[in-house]
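A quick write-up on the structure given underneath.
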Amino acid sequence: MSNWTRILTIGLFFFFLVSKSNVSSEGAESWKQFLGSDGSGVVSESVPTSWGIDSNRRWRTELPGKGWSSPVVSQGRVYLTSALPLEEGQSDSQLSSDNSDQPKDQRFSLCMLIIDAASGELKKTVRIMEQNNERPVRMHAKNSHASPTPVIDGDRIFVHFGYQGTACLTLDGEVVWLNRSLYFPPTHGNGGSPVLEGGHLIFTCDGGKNPKVVALDAQTGNLVWEVFREVDAKKTFSFCTPTVIEVDGQRQVVAPGSDGVIALNPTSGDVFWDFRYTGYSVVPKPTWVAGQIIISTGFDNARMLAVDPKGRGLVTETNLLWEQDRNVPRTPSMIAKDGLLYSISDDGIALCTDVESGEVLYRQRIGGKFSSSPILAGDYLYFTSEQGVTTVVRSGPNYEKVAENDLEERTLATPAVWKNQLLIRTDQALYLIDESN
């Protein structure tokens, strides 16, 4: 081997070593959208498996207002959205931070909260937009005016309040743009989170009529494209977060809704394929694993469908790979790793399914009611119930419960990971779980 070859080989070795280190650091330092920076809910970092109200807790921070958006993290700061109640006739300049239950017709100021991740200190409450009388505020008891999870991209953060509007801010809380032009008649409030792909912020607008998927220019907030769903659903409302996949070198945005799922070109909005089913109020984010897209059909009788995303046009009759119709989640998303799909039904039945065959490897009652999605950190699954109990289960084809941890506070939000620690939002506070404390 010549000296130049040896030098080049050593240089490449250190380049890949540093690159690998940077990727690992990014995974530990950031959680930039719903279900993590890659949207899968799976991270390699281990987090605590045991905690309580007074144990393995670094901090607990009371949160003003109401909201069920999940935490996102970047540059040592945690970001959440919240809806702060306004007294009748009050404006944002007279904002009340009262966190008590409010009347159903209460108006809100829609805000972003910035919290120091190390200390838990609430650094800033950024008021973004105010609900007005032309925008209905009544919603389902398991929803909030601040349910969609923000998306972080570099030094920008995108916050979405469904039919109320969407905004881009700097990480310091300065508003870059605000778009309130996409109002649609809501049913039960908002829910689905946006995704960022190819410079476009993409989300569903599945309300009381004319359901559609839209893309905004991430730089300006202007509408780039909108695609109306062609289904004739009796109930058009759904609350799904799209999933971005890549098939044969082409990026696709997979966006389920009532009675069907479509895959879109993120640049143009052109529909690649369309798969139909019967269902509405679809919430679970699609899961991309082993060349399959796994979806839930929502209410009333949920089915779990594995779809081949390589088709074009209407593929209902040709692209179904397998399906299940027992204990399918209607609200929590599903996650996958190493060819295994993990899910938790709304009434607390955990499933592990072989992705290739669709065979159920275990079916285990955990107990409780579930709305938040599971995550998988290191070798463990984390299932958090609405009652604030997190059941930790070892990943793999056999059910093995490791721990059960109770915060004794209601929660519908999906946890997040930061530096081998766990962030859990309840109806009262945000917790940072750390085994070193």
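The way I read the labels, and the way they are meant: chains A, B, ... in the order of the structure tokens, residue 1 as the first residue of every chain, and ligand 1 as the first ligand shown, with later ones counted on from there.
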Using only C-alpha atoms, determine which residues lie at most 9 Å from Gly368 in chain A, disregarding the query and same-chain residues fewer than 3 positions distant; provide the list as JSON, numbers by chain. {"A": [346, 347, 348, 385, 386, 387, 389]}
Selection from above, N, CA and C atoms, as a short mmCIF file (atom, residue, chain, number, x, y, z; two decimals), in the first residue's frame, can you write it?
```
data_model
loop_
_atom_site.label_atom_id
_atom_site.label_comp_id
_atom_site.auth_asym_id
_atom_site.auth_seq_id
_atom_site.Cartn_x
_atom_site.Cartn_y
_atom_site.Cartn_z
N ASP A 346 -56.68 0.72 22.22
CA ASP A 346 -57.19 1.77 23.10
C ASP A 346 -57.61 1.22 24.46
N ASP A 347 -58.00 -0.06 24.50
CA ASP A 347 -58.40 -0.66 25.77
C ASP A 347 -57.31 -1.53 26.40
N GLY A 348 -56.05 -1.32 25.97
CA GLY A 348 -54.92 -1.87 26.71
C GLY A 348 -54.47 -3.27 26.35
N SER A 385 -50.35 4.83 29.67
CA SER A 385 -51.81 4.85 29.66
C SER A 385 -52.34 6.25 29.94
N GLU A 386 -53.64 6.43 29.72
CA GLU A 386 -54.28 7.71 30.01
C GLU A 386 -54.25 8.03 31.50
N GLN A 387 -54.10 7.02 32.33
CA GLN A 387 -54.04 7.22 33.77
C GLN A 387 -52.64 7.61 34.26
N VAL A 389 -49.83 5.72 33.82
CA VAL A 389 -49.02 4.54 34.15
C VAL A 389 -48.26 4.10 32.91
#
```
Determine, counting only C-alpha atoms, which protein, DNA and RNA residues have an atom within 7 Å of an atom of Val47 in chain A; residues of the same chain fewer than 3 positions away are not included. Present the result as JSON, numbers by chain. {"A": [377, 420, 421, 422]}
File dump, residues just selected, N, CA and C atoms, as a short mmCIF file (atom, residue, chain, number, x, y, z; two decimals), in the first residue's frame:
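See part02.cif below for the written result:
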```cif
data_model
loop_
_atom_site.label_atom_id
_atom_site.label_comp_id
_atom_site.auth_asym_id
_atom_site.auth_seq_id
_atom_site.Cartn_x
_atom_site.Cartn_y
_atom_site.Cartn_z
N ALA A 377 -37.10 2.51 23.10
CA ALA A 377 -35.79 3.11 23.39
C ALA A 377 -34.85 2.01 23.85
N ASN A 420 -30.71 10.21 26.82
CA ASN A 420 -30.94 9.03 27.67
C ASN A 420 -31.91 9.30 28.81
N GLN A 421 -32.77 10.28 28.62
CA GLN A 421 -33.79 10.62 29.60
C GLN A 421 -35.15 10.65 28.90
N LEU A 422 -36.19 10.62 29.70
CA LEU A 422 -37.54 10.52 29.17
C LEU A 422 -38.33 11.76 29.55
#
```
From range 307-389 of chain A, collect each residue whose DSSP state is strand (DSSP E) and return the set as a PyMOL selection string. chain A and resi 307+313-314+320-324+335-337+340-344+349-354+360-365+375-377+380-384+389
Output file for the selection above: C-alpha atoms, as a tab-separated table (two decimals), in the first residue's frame:
```
chain	number	residue	atom	x	y	z
A	307	VAL	CA	-50.10	-2.36	2.10
A	313	GLY	CA	-53.62	4.34	-9.06
A	314	LEU	CA	-56.35	2.52	-7.14
A	320	LEU	CA	-53.10	-5.73	0.47
A	321	LEU	CA	-50.44	-8.02	1.97
A	322	TRP	CA	-52.17	-9.05	5.21
A	323	GLU	CA	-54.66	-7.76	7.75
A	324	GLN	CA	-55.80	-8.16	11.36
A	335	ILE	CA	-43.98	1.10	15.90
A	336	ALA	CA	-41.61	-1.51	14.45
A	337	LYS	CA	-38.08	-2.82	14.80
A	340	LEU	CA	-41.58	-6.97	14.57
A	341	LEU	CA	-44.57	-4.62	14.83
A	342	TYR	CA	-45.67	-3.45	18.29
A	343	SER	CA	-49.05	-1.91	19.08
A	344	ILE	CA	-51.38	-1.16	21.97
A	349	ILE	CA	-54.16	-5.00	24.65
A	350	ALA	CA	-50.52	-5.15	23.50
A	351	LEU	CA	-49.69	-7.01	20.29
A	352	CYS	CA	-46.42	-8.13	18.76
A	353	THR	CA	-46.84	-9.04	15.09
A	354	ASP	CA	-44.42	-10.58	12.62
A	360	VAL	CA	-49.51	-12.36	16.01
A	361	LEU	CA	-46.63	-13.51	18.21
A	362	TYR	CA	-48.18	-12.38	21.48
A	363	ARG	CA	-51.38	-10.77	22.64
A	364	GLN	CA	-51.20	-9.44	26.20
A	365	ARG	CA	-53.59	-7.38	28.29
A	375	ILE	CA	-41.99	4.36	21.88
A	376	LEU	CA	-39.05	1.96	21.77
A	377	ALA	CA	-35.79	3.11	23.39
A	380	TYR	CA	-37.49	-1.59	25.82
A	381	LEU	CA	-41.01	-0.61	24.83
A	382	TYR	CA	-42.82	2.13	26.75
A	383	PHE	CA	-46.64	2.02	26.86
A	384	THR	CA	-48.14	5.03	28.71
A	389	VAL	CA	-49.02	4.54	34.15
```
List the spatial neighbours of Trp31 in chain A as a list of chain:residue names - criterion: any atom at most 7 Å away, only C-alpha atoms, same-chain residues fewer than 2 positions off excluded.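 That gives A:Gln33, A:Gly36, A:Ser37, A:Val72, A:Val73, A:Ser74, A:Ala416, A:Val417, A:Trp418.
Nearest to Val355 in chain A of all the residues A:Ser82, A:Ser371, A:Gln292, A:Thr297 is A:Gln292, based on only C-alpha atoms.
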Excluding Ala413 in chain A and its own-chain neighbours fewer than 3 positions away, which residues fall within 8 Å of it when counting only C-alpha atoms? Please give them as a VMD selection string. chain A and resid 68 to 70 371 to 373 424 to 426
Selected residues written out with C-alpha atoms, as a compact mmCIF listing (two decimals), in the first residue's frame:
```txt
# COMPACT_ATOMS: atom_id res chain seq x y z
CA TRP A 68 -51.67 17.38 24.35
CA SER A 69 -48.86 18.07 21.89
CA SER A 70 -45.80 15.93 22.56
CA SER A 371 -54.29 7.32 23.63
CA SER A 372 -50.55 8.10 23.53
CA SER A 373 -48.33 6.12 21.17
CA ILE A 424 -43.50 12.86 29.80
CA ARG A 425 -46.27 15.44 29.50
CA THR A 426 -49.30 15.12 31.78
```
Pick from A:Pro415, A:Gly298, A:Pro71, A:Gly388, whichever lies nearest to Asp427 in chain A using only C-alpha atoms: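 Ranking A:Pro415, A:Gly298, A:Pro71, A:Gly388 by distance to Asp427 in chain A, first place goes to A:Gly388.
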